[in-house]
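Shown here: run24.txt, compact mmCIF, C-alpha atoms and all ligand atoms.
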# COMPACT_ATOMS: atom_id res chain seq x y z
CA MET U 1 24.92 0.92 -3.49
CA ILE U 2 23.03 3.16 -1.09
CA ARG U 3 20.77 1.76 1.63
CA LEU U 4 17.46 3.59 2.16
CA THR U 5 14.50 3.20 4.47
CA LEU U 6 11.22 4.11 2.74
CA ILE U 7 8.19 4.36 5.06
CA GLU U 8 4.62 3.80 3.87
CA HIS U 9 1.89 6.25 4.83
CA GLY U 10 0.70 3.77 7.46
CA GLY U 11 4.19 3.48 8.99
CA THR U 12 5.46 0.22 7.47
CA PRO U 13 9.19 0.59 6.74
CA HIS U 14 10.97 -0.88 3.70
CA GLU U 15 14.76 -1.25 3.67
CA VAL U 16 15.89 -0.97 0.03
CA SER U 17 19.07 -0.55 -1.98
CA ALA U 18 19.63 1.98 -4.75
CA SER U 19 22.45 2.83 -7.13
CA ALA U 20 24.10 6.23 -6.82
CA GLY U 21 22.42 8.59 -9.30
CA SER U 22 19.10 6.73 -9.44
CA SER U 23 15.87 8.33 -8.20
CA LEU U 24 13.95 7.51 -5.04
CA MET U 25 11.02 6.63 -7.30
CA GLN U 26 13.11 4.07 -9.20
CA ALA U 27 14.45 2.59 -5.95
CA ALA U 28 10.87 2.20 -4.69
CA VAL U 29 9.66 0.62 -7.94
CA ASP U 30 12.69 -1.70 -8.21
CA ASN U 31 12.01 -2.94 -4.68
CA ALA U 32 8.20 -3.27 -5.08
CA VAL U 33 7.39 -0.71 -2.38
CA PRO U 34 3.56 -0.54 -2.21
CA GLY U 35 1.90 2.72 -3.23
CA ILE U 36 4.57 3.86 -5.70
CA ASP U 37 3.04 3.01 -9.08
CA ALA U 38 5.10 5.44 -11.21
CA ASP U 39 2.89 4.84 -14.25
CA CYS U 40 4.79 7.26 -16.52
CA GLY U 41 8.23 6.00 -15.54
CA GLY U 42 9.34 9.25 -13.97
CA GLY U 43 8.22 11.58 -16.75
CA CYS U 44 6.44 13.97 -14.34
CA ALA U 45 3.14 13.37 -16.15
CA CYS U 46 1.08 11.16 -13.85
CA GLY U 47 1.71 11.90 -10.16
CA THR U 48 1.54 8.22 -9.16
CA CYS U 49 5.03 8.35 -7.63
CA HIS U 50 4.18 11.06 -5.11
S1 LIG L 1 6.15 8.46 -12.28
FE1 LIG L 1 6.34 10.32 -11.22
S2 LIG L 1 4.98 11.64 -12.24
FE2 LIG L 1 4.74 9.76 -13.25

Spit out the file's structure as structure tokens when you get a sec.
Amino acid sequence: MIRLTLIEHGGTPHEVSASAGSSLMQAAVDNAVPGIDADCGGGCACGTCH
């Protein structure tokens, strides 16, 4: 597992864990980080993970 700190636009940090080889988007979604909707599941079609 890899430990990450994701920071919201407003500055709120989120300490999360991710498996090696997974995406930052998936780590954010798996840990319910606000603002990362990822509606298309990482298919590069929606832009809601940016
Ligand atoms: S989840 Fe990233 S573009 Fe849709």

Near Leu6 of chain U, counting all atoms listed in the file, which residues have an atom at most 12 Å away, once you skip same-chain residues fewer than 6 positions from it, shown as a PDB file with C-alpha atoms, keeping the file's coordinate frame?
ATOM      1  CA  THR U  12       5.460   0.220   7.470  1.00  0.00           C
ATOM      2  CA  PRO U  13       9.190   0.590   6.740  1.00  0.00           C
ATOM      3  CA  HIS U  14      10.970  -0.880   3.700  1.00  0.00           C
ATOM      4  CA  GLU U  15      14.760  -1.250   3.670  1.00  0.00           C
ATOM      5  CA  VAL U  16      15.890  -0.970   0.030  1.00  0.00           C
ATOM      6  CA  SER U  17      19.070  -0.550  -1.980  1.00  0.00           C
ATOM      7  CA  ALA U  18      19.630   1.980  -4.750  1.00  0.00           C
ATOM      8  CA  LEU U  24      13.950   7.510  -5.040  1.00  0.00           C
ATOM      9  CA  MET U  25      11.020   6.630  -7.300  1.00  0.00           C
ATOM     10  CA  ALA U  27      14.450   2.590  -5.950  1.00  0.00           C
ATOM     11  CA  ALA U  28      10.870   2.200  -4.690  1.00  0.00           C
ATOM     12  CA  VAL U  29       9.660   0.620  -7.940  1.00  0.00           C
ATOM     13  CA  ASN U  31      12.010  -2.940  -4.680  1.00  0.00           C
ATOM     14  CA  ALA U  32       8.200  -3.270  -5.080  1.00  0.00           C
ATOM     15  CA  VAL U  33       7.390  -0.710  -2.380  1.00  0.00           C
ATOM     16  CA  PRO U  34       3.560  -0.540  -2.210  1.00  0.00           C
ATOM     17  CA  GLY U  35       1.900   2.720  -3.230  1.00  0.00           C
ATOM     18  CA  ILE U  36       4.570   3.860  -5.700  1.00  0.00           C
TER      19      ILE U  36
END

Legend entry - All residues having an atom within 10 Å of ligand LIG 1 (chain L) (all atoms listed in the file) as a ChimeraX atom specification: /U:25-26,29,36-50

Legend entry - Long-range neighbours of Ser19 of chain U as a ChimeraX atom specification, 8 Å cut-off, only C-alpha atoms, 2 positions minimum in chain: /U:1-2,17,21-22
